[in-house]
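Have a look at the structure below before the remarks.
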Amino acid sequence: MLTDDGVPVEAVYEPCTAGSGASAGARAEPAADTPVIVVAHGFTGSVARPAVRRAARVFSQRAAVITFSFRGHGRSGGRSTVGDREVLDLAAAVAWARTLGHGRVVTVGFSMGGSVALRHGALYTDGPEARDAAVRVPVRERSTGEHSGAHFGAHADAVVAVSAPARWYYRGTAPMRRLHWVVTRPSGRLVGRYGFRTRIATDDWDPVPLSPVAAVPLIAPAPLLLVHGDRDPYFPLDHPRMLAEAAGEGGADLWLERGMGHAENAADDALLGRIADWATAALSA
């Protein structure tokens with residue numbers, strides 16, 4: 001895929017296996033009534049990481065799946081901006097899903113990918129202009145200085161954020177202080193590049209992107225699910241509760257998972273299956 005700012009992004013499409021009766025690995029033509037789940041991994045992840053592949057396997061039992069590597073990760077180009085311009089990567093993946101014939105798209109983001117999914121859900125809209133295939137759906141222009149997108153059909157019909165932060169620059173836990181060292185220090189970025197295979201941009205955010213908690217109220221009317229573990233070592237429970245409160249009464253479903261740690265590595269098959277079931281039910285509703 002190619003993003004609106006010209007970054008090549010590697011991606012994998014997997015058809016839904018439910019009721020197909022096809023042999024393992026067989027491809028099927030996507031149908032307009034088959035939903036697709038677009039998976040946005042966490043920082044230092046990639047399309048090839050075992051946890052991402054496991055999520056894709058579980059999700060594909062209920063829907064088609066697109067996985068991709070954010071910029072600066074895996075075989076994608078560019079450098080990671082740790083949640084800023086990654087919204088363009090997700091928009092490209094969603095738009096690609098629609099070009100494959102899918103009319104309903106759910107974004108499922110983990111950690112950094114969760115914050116990207118929230119902001120993407122707020123900035124890309126299915127407005128009246130989206131009904132005309134000749135018009136590309138723009139990013140909503142906001143005073144935060146967000147860039148305008150160009151991909152047609154890049155909006156999500158439902159959004160899931162797992163282990164997402166509520167606010168930027170959080171340093172309240174030891175893992176987040178270590179992450180900030182990796183992102184902000186030259187020696188840390190070397191560790192990121194050679195230790196985690198993640199290429200990190202050196203520029204500061206300018207302007208600071210819309211925060212997850214500010215994005216949440218803008219996602220409606222698309223359904224929103226927030227999932228967070230009560231043993232998350234990165235973001236304590238005040239983060240998901242802050243996001244849920246920002247969504248307002250009935251604006252989001254909140255699952256606080258007992259014993260769960262952080263993001264895709266901590267999401268077991270049972271939880272992933274429940275997320276996929278929620279996604280398909282939300283689209284049906």
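Chain labels A, B, ... are given in the sequence in which chains occur in the structure tokens; within each chain residues are numbered consecutively from 1, and ligands are likewise numbered from 1 in the order shown.
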
Residue neighbourhood segment 186-192 of chain A, 12 Å, only C-alpha atoms, exclusion window fewer than 2 positions, as an NGL selection string: :A and (43-45 or 72-73 or 79-82 or 177-184 or 194-203)

Every residue of segment 36-243 of chain A that DSSP places in helix (DSSP H, G or I), as a ChimeraX atom specification: /A:50-59,86-99,112-123,128-131,174-184,186-195,212-218,238-243

List every residue of segment 53-98 of chain A that has an atom at most 8 Å from any atom of segment 257-278 of chain A, and for each one report the closest atom pair and its distance in Å to one decimal, counting only C-alpha atoms, with rows sorted by chain and then by increasing residue number, as a Markdown table.
| residue | atom | partner | partner_atom | distance |
| --- | --- | --- | --- | --- |
| A:Arg54 | CA | A:Asp269 | CA | 7.9 |
| A:Ala55 | CA | A:Leu272 | CA | 6.5 |
| A:Val58 | CA | A:Gly273 | CA | 6.2 |
| A:Phe59 | CA | A:Ala276 | CA | 5.7 |
| A:Arg62 | CA | A:Ala276 | CA | 6.4 |
| A:Ala63 | CA | A:Ala276 | CA | 7.7 |

For the selection just defined, write its residues with N, CA, C and O atoms to a file, as an mmCIF file, in the first residue's frame.
data_model
loop_
_atom_site.group_PDB
_atom_site.id
_atom_site.type_symbol
_atom_site.label_atom_id
_atom_site.label_comp_id
_atom_site.auth_asym_id
_atom_site.auth_seq_id
_atom_site.Cartn_x
_atom_site.Cartn_y
_atom_site.Cartn_z
ATOM 1 N N ARG A 54 -1.414 -14.435 15.349
ATOM 2 C CA ARG A 54 -2.423 -15.160 16.128
ATOM 3 C C ARG A 54 -3.741 -14.420 16.121
ATOM 4 O O ARG A 54 -4.810 -15.028 15.960
ATOM 5 N N ALA A 55 -3.694 -13.100 16.293
ATOM 6 C CA ALA A 55 -4.925 -12.311 16.243
ATOM 7 C C ALA A 55 -5.598 -12.449 14.882
ATOM 8 O O ALA A 55 -6.825 -12.598 14.790
ATOM 9 N N VAL A 58 -7.438 -15.825 14.629
ATOM 10 C CA VAL A 58 -8.704 -15.870 15.363
ATOM 11 C C VAL A 58 -9.751 -15.000 14.673
ATOM 12 O O VAL A 58 -10.900 -15.412 14.479
ATOM 13 N N PHE A 59 -9.366 -13.794 14.281
ATOM 14 C CA PHE A 59 -10.314 -12.887 13.638
ATOM 15 C C PHE A 59 -10.834 -13.454 12.322
ATOM 16 O O PHE A 59 -12.003 -13.244 11.961
ATOM 17 N N ARG A 62 -14.160 -15.199 11.865
ATOM 18 C CA ARG A 62 -15.416 -14.441 11.880
ATOM 19 C C ARG A 62 -15.503 -13.431 10.748
ATOM 20 O O ARG A 62 -16.602 -13.007 10.389
ATOM 21 N N ALA A 63 -14.370 -13.002 10.207
ATOM 22 C CA ALA A 63 -14.355 -11.930 9.211
ATOM 23 C C ALA A 63 -13.086 -12.056 8.374
ATOM 24 O O ALA A 63 -12.169 -12.811 8.721
#

Near-Tyr170 of chain A list (12 Å; only C-alpha atoms; drop same-chain fewer than 2 positions) as a list in words: Ala164, Pro165, Ala166, Arg167, Trp168, Gly172, Thr173, Ala174, Pro175, Met176, Arg177, Arg178, Leu179, His180, Ser211, Tyr234, Phe235, Pro236, Asp238 and His239 of chain A

So that I have them on file, write out the residues from the current selection with N, CA and C atoms, as a CSV table (one decimal), in the first residue's frame.
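Contents of again.csv, as written:
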chain,number,residue,atom,x,y,z
A,164,ALA,N,-5.2,1.0,25.0
A,164,ALA,CA,-4.8,2.3,24.5
A,164,ALA,C,-4.6,3.3,25.6
A,165,PRO,N,-3.7,4.2,25.4
A,165,PRO,CA,-3.5,5.3,26.3
A,165,PRO,C,-4.7,6.4,26.2
A,166,ALA,N,-4.9,7.1,27.2
A,166,ALA,CA,-5.9,8.2,27.1
A,166,ALA,C,-5.3,9.5,26.8
A,167,ARG,N,-4.0,9.7,27.1
A,167,ARG,CA,-3.4,11.0,26.9
A,167,ARG,C,-1.9,10.8,26.5
A,168,TRP,N,-1.4,11.8,25.8
A,168,TRP,CA,0.0,11.7,25.3
A,168,TRP,C,1.0,12.0,26.5
A,172,GLY,N,3.9,7.7,33.8
A,172,GLY,CA,3.6,7.3,35.2
A,172,GLY,C,4.0,5.9,35.6
A,173,THR,N,4.5,5.1,34.6
A,173,THR,CA,4.9,3.7,34.9
A,173,THR,C,6.3,3.6,34.4
A,174,ALA,N,7.0,2.6,35.0
A,174,ALA,CA,8.4,2.3,34.6
A,174,ALA,C,8.5,1.9,33.1
A,175,PRO,N,7.6,1.1,32.6
A,175,PRO,CA,7.7,0.7,31.2
A,175,PRO,C,7.5,1.9,30.2
A,176,MET,N,6.7,2.9,30.6
A,176,MET,CA,6.5,4.1,29.8
A,176,MET,C,7.7,5.0,29.9
A,177,ARG,N,8.3,5.0,31.0
A,177,ARG,CA,9.6,5.9,31.1
A,177,ARG,C,10.7,5.3,30.2
A,178,ARG,N,10.7,3.9,30.2
A,178,ARG,CA,11.7,3.3,29.3
A,178,ARG,C,11.4,3.6,27.8
A,179,LEU,N,10.1,3.5,27.5
A,179,LEU,CA,9.7,3.8,26.1
A,179,LEU,C,10.0,5.2,25.7
A,180,HIS,N,9.8,6.1,26.6
A,180,HIS,CA,10.2,7.5,26.3
A,180,HIS,C,11.7,7.7,26.1
A,211,SER,N,-5.5,14.2,20.9
A,211,SER,CA,-5.2,13.1,21.9
A,211,SER,C,-6.3,12.1,21.8
A,234,TYR,N,1.8,-0.8,31.5
A,234,TYR,CA,2.0,0.5,30.8
A,234,TYR,C,1.0,1.5,31.2
A,235,PHE,N,-0.3,1.2,31.1
A,235,PHE,CA,-1.3,2.2,31.4
A,235,PHE,C,-2.3,1.7,32.4
A,236,PRO,N,-2.4,2.3,33.6
A,236,PRO,CA,-3.3,1.8,34.6
A,236,PRO,C,-4.8,2.1,34.2
A,238,ASP,N,-7.0,4.1,35.0
A,238,ASP,CA,-7.6,5.4,34.8
A,238,ASP,C,-7.7,5.8,33.3
A,239,HIS,N,-6.8,5.2,32.5
A,239,HIS,CA,-6.8,5.5,31.1
A,239,HIS,C,-8.1,5.0,30.4

Neighbour list for Gly77 of chain A as a ChimeraX atom specification, cut-off 9 Å, only C-alpha atoms, skip fewer than 2 positions in-chain: /A:7-10,70-75,79

Keeping only N, CA, C and O atoms, write those residues as a PDB file, in the first residue's frame.
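New file selection00.pdb:
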ATOM      1  N   VAL A   7       4.362   6.950   1.842  1.00  0.00           N
ATOM      2  CA  VAL A   7       5.131   5.910   2.525  1.00  0.00           C
ATOM      3  C   VAL A   7       4.609   4.532   2.111  1.00  0.00           C
ATOM      4  O   VAL A   7       3.410   4.265   2.237  1.00  0.00           O
ATOM      5  N   PRO A   8       5.489   3.653   1.623  1.00  0.00           N
ATOM      6  CA  PRO A   8       5.039   2.288   1.296  1.00  0.00           C
ATOM      7  C   PRO A   8       4.854   1.461   2.569  1.00  0.00           C
ATOM      8  O   PRO A   8       5.704   1.473   3.463  1.00  0.00           O
ATOM      9  N   VAL A   9       3.726   0.766   2.641  1.00  0.00           N
ATOM     10  CA  VAL A   9       3.369   0.005   3.839  1.00  0.00           C
ATOM     11  C   VAL A   9       3.055  -1.436   3.433  1.00  0.00           C
ATOM     12  O   VAL A   9       2.217  -1.667   2.564  1.00  0.00           O
ATOM     13  N   GLU A  10       3.741  -2.393   4.065  1.00  0.00           N
ATOM     14  CA  GLU A  10       3.456  -3.798   3.762  1.00  0.00           C
ATOM     15  C   GLU A  10       2.154  -4.211   4.440  1.00  0.00           C
ATOM     16  O   GLU A  10       1.848  -3.781   5.550  1.00  0.00           O
ATOM     17  N   PHE A  70       3.064  -0.747  10.604  1.00  0.00           N
ATOM     18  CA  PHE A  70       3.141   0.703  10.613  1.00  0.00           C
ATOM     19  C   PHE A  70       4.481   1.164  10.036  1.00  0.00           C
ATOM     20  O   PHE A  70       5.475   0.421  10.050  1.00  0.00           O
ATOM     21  N   ARG A  71       4.530   2.382   9.567  1.00  0.00           N
ATOM     22  CA  ARG A  71       5.777   2.970   9.068  1.00  0.00           C
ATOM     23  C   ARG A  71       6.889   2.831  10.109  1.00  0.00           C
ATOM     24  O   ARG A  71       6.663   2.971  11.322  1.00  0.00           O
ATOM     25  N   GLY A  72       8.082   2.527   9.616  1.00  0.00           N
ATOM     26  CA  GLY A  72       9.204   2.333  10.514  1.00  0.00           C
ATOM     27  C   GLY A  72       9.254   0.963  11.145  1.00  0.00           C
ATOM     28  O   GLY A  72      10.194   0.659  11.889  1.00  0.00           O
ATOM     29  N   HIS A  73       8.270   0.110  10.860  1.00  0.00           N
ATOM     30  CA  HIS A  73       8.198  -1.238  11.428  1.00  0.00           C
ATOM     31  C   HIS A  73       8.229  -2.267  10.297  1.00  0.00           C
ATOM     32  O   HIS A  73       7.703  -2.022   9.206  1.00  0.00           O
ATOM     33  N   GLY A  74       8.797  -3.425  10.589  1.00  0.00           N
ATOM     34  CA  GLY A  74       8.782  -4.508   9.619  1.00  0.00           C
ATOM     35  C   GLY A  74       9.400  -4.085   8.296  1.00  0.00           C
ATOM     36  O   GLY A  74      10.439  -3.442   8.239  1.00  0.00           O
ATOM     37  N   ARG A  75       8.716  -4.433   7.201  1.00  0.00           N
ATOM     38  CA  ARG A  75       9.204  -4.117   5.867  1.00  0.00           C
ATOM     39  C   ARG A  75       8.573  -2.845   5.300  1.00  0.00           C
ATOM     40  O   ARG A  75       8.749  -2.544   4.121  1.00  0.00           O
ATOM     41  N   ARG A  79       9.710   6.189   8.902  1.00  0.00           N
ATOM     42  CA  ARG A  79      10.100   6.080  10.301  1.00  0.00           C
ATOM     43  C   ARG A  79       8.882   6.258  11.197  1.00  0.00           C
ATOM     44  O   ARG A  79       7.972   7.012  10.867  1.00  0.00           O
TER      45      ARG A  79
END

Of the listed residues A:Ser284, A:Ser163, A:Ser115, A:Thr17, that which approaches Leu210 of chain A most closely, counting only C-alpha atoms: A:Ser115

Nearest to Pro212 of chain A by atom-to-atom distance, counting only C-alpha atoms, from A:Gly103, A:Gly78, A:Gly248, A:Gly114: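 Between A:Gly103, A:Gly78, A:Gly248, A:Gly114, the residue approaching Pro212 of chain A most closely is A:Gly114.
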
Nearest to Leu2 of chain A by atom-to-atom distance, counting only C-alpha atoms, from A:Ala93, A:Val208, A:Val106, A:Leu123: A:Ala93

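Residues of segment 48-177 of chain A carrying a DSSP assignment of strand (DSSP E), computed from the backbone, are Ala64, Val65, Ile66, Thr67, Phe68, Val105, Val106, Thr107, Val108, Gly109, Phe110, Ala158, Val159, Val160, Ala161 and Val162 of chain A.
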
Please, could you write that set of residues out with all heavy atoms as a short mmCIF file (atom, residue, chain, number, x, y, z; two decimals), in the first residue's frame?
data_model
loop_
_atom_site.label_atom_id
_atom_site.label_comp_id
_atom_site.auth_asym_id
_atom_site.auth_seq_id
_atom_site.Cartn_x
_atom_site.Cartn_y
_atom_site.Cartn_z
N ALA A 64 -13.04 -11.33 7.28
CA ALA A 64 -11.77 -11.18 6.57
C ALA A 64 -10.85 -10.30 7.41
O ALA A 64 -11.32 -9.54 8.27
CB ALA A 64 -12.00 -10.57 5.20
N VAL A 65 -9.55 -10.38 7.18
CA VAL A 65 -8.59 -9.67 8.03
C VAL A 65 -7.51 -9.02 7.16
O VAL A 65 -7.01 -9.63 6.21
CB VAL A 65 -7.92 -10.62 9.05
CG1 VAL A 65 -6.92 -9.86 9.92
CG2 VAL A 65 -8.97 -11.31 9.91
N ILE A 66 -7.17 -7.79 7.52
CA ILE A 66 -5.99 -7.13 6.95
C ILE A 66 -5.06 -6.79 8.11
O ILE A 66 -5.47 -6.16 9.08
CB ILE A 66 -6.37 -5.85 6.18
CG1 ILE A 66 -7.03 -6.22 4.85
CG2 ILE A 66 -5.13 -4.99 5.92
CD1 ILE A 66 -7.50 -5.03 4.05
N THR A 67 -3.83 -7.27 8.00
CA THR A 67 -2.78 -6.86 8.93
C THR A 67 -1.73 -6.07 8.14
O THR A 67 -1.55 -6.29 6.95
CB THR A 67 -2.12 -8.08 9.60
OG1 THR A 67 -1.72 -9.02 8.59
CG2 THR A 67 -3.08 -8.76 10.55
N PHE A 68 -1.06 -5.16 8.81
CA PHE A 68 -0.04 -4.36 8.14
C PHE A 68 1.00 -3.92 9.17
O PHE A 68 0.76 -3.99 10.38
CB PHE A 68 -0.66 -3.14 7.45
CG PHE A 68 -1.24 -2.12 8.39
CD1 PHE A 68 -0.51 -1.01 8.78
CD2 PHE A 68 -2.53 -2.27 8.90
CE1 PHE A 68 -1.02 -0.08 9.67
CE2 PHE A 68 -3.07 -1.35 9.78
CZ PHE A 68 -2.32 -0.25 10.16
N VAL A 105 -16.09 -2.21 7.55
CA VAL A 105 -14.72 -2.32 8.04
C VAL A 105 -14.67 -1.97 9.53
O VAL A 105 -15.22 -0.94 9.94
CB VAL A 105 -13.78 -1.38 7.26
CG1 VAL A 105 -12.34 -1.54 7.76
CG2 VAL A 105 -13.86 -1.64 5.76
N VAL A 106 -13.99 -2.81 10.30
CA VAL A 106 -13.75 -2.55 11.72
C VAL A 106 -12.25 -2.41 11.93
O VAL A 106 -11.47 -3.22 11.44
CB VAL A 106 -14.27 -3.70 12.60
CG1 VAL A 106 -14.00 -3.41 14.08
CG2 VAL A 106 -15.75 -3.93 12.37
N THR A 107 -11.84 -1.38 12.63
CA THR A 107 -10.43 -1.23 13.00
C THR A 107 -10.24 -1.73 14.43
O THR A 107 -11.02 -1.39 15.32
CB THR A 107 -9.97 0.23 12.89
OG1 THR A 107 -10.85 1.06 13.66
CG2 THR A 107 -10.00 0.69 11.44
N VAL A 108 -9.22 -2.56 14.63
CA VAL A 108 -8.88 -3.07 15.96
C VAL A 108 -7.43 -2.70 16.22
O VAL A 108 -6.52 -3.25 15.58
CB VAL A 108 -9.08 -4.59 16.06
CG1 VAL A 108 -8.67 -5.08 17.46
CG2 VAL A 108 -10.52 -4.97 15.77
N GLY A 109 -7.20 -1.78 17.15
CA GLY A 109 -5.86 -1.32 17.44
C GLY A 109 -5.40 -1.72 18.82
O GLY A 109 -6.20 -1.76 19.77
N PHE A 110 -4.11 -2.02 18.93
CA PHE A 110 -3.51 -2.42 20.20
C PHE A 110 -2.47 -1.40 20.64
O PHE A 110 -1.57 -1.06 19.86
CB PHE A 110 -2.85 -3.79 20.06
CG PHE A 110 -3.80 -4.92 19.75
CD1 PHE A 110 -4.08 -5.25 18.43
CD2 PHE A 110 -4.39 -5.64 20.76
CE1 PHE A 110 -4.95 -6.29 18.12
CE2 PHE A 110 -5.27 -6.69 20.47
CZ PHE A 110 -5.56 -7.01 19.15
N ALA A 158 -16.75 0.67 12.64
CA ALA A 158 -16.71 0.41 14.07
C ALA A 158 -15.24 0.42 14.49
O ALA A 158 -14.36 0.14 13.68
CB ALA A 158 -17.36 -0.93 14.42
N VAL A 159 -15.00 0.74 15.77
CA VAL A 159 -13.63 0.93 16.26
C VAL A 159 -13.44 0.15 17.56
O VAL A 159 -14.30 0.19 18.45
CB VAL A 159 -13.33 2.43 16.51
CG1 VAL A 159 -11.92 2.61 17.05
CG2 VAL A 159 -13.54 3.23 15.23
N VAL A 160 -12.31 -0.55 17.66
CA VAL A 160 -11.93 -1.25 18.88
C VAL A 160 -10.53 -0.79 19.27
O VAL A 160 -9.61 -0.83 18.45
CB VAL A 160 -11.94 -2.78 18.70
CG1 VAL A 160 -11.57 -3.47 20.01
CG2 VAL A 160 -13.29 -3.27 18.20
N ALA A 161 -10.36 -0.38 20.52
CA ALA A 161 -9.05 0.03 21.03
C ALA A 161 -8.71 -0.83 22.24
O ALA A 161 -9.45 -0.85 23.22
CB ALA A 161 -9.03 1.51 21.41
N VAL A 162 -7.61 -1.57 22.15
CA VAL A 162 -7.17 -2.46 23.22
C VAL A 162 -5.90 -1.90 23.85
O VAL A 162 -4.92 -1.62 23.15
CB VAL A 162 -6.90 -3.88 22.66
CG1 VAL A 162 -6.51 -4.83 23.80
CG2 VAL A 162 -8.11 -4.41 21.89
#

Between atom CA of Ala95 of chain A and atom CA of Ala51 of chain A - distance in Å to one decimal: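 So the two atoms, atom CA of Ala51 of chain A and atom CA of Ala95 of chain A, lie 24.0 Å apart.
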
d(atom CA of Val116 of chain A, atom CA of Arg241 of chain A) in Å: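 We find that atom CA of Val116 of chain A and atom CA of Arg241 of chain A lie 18.0 Å from each other.
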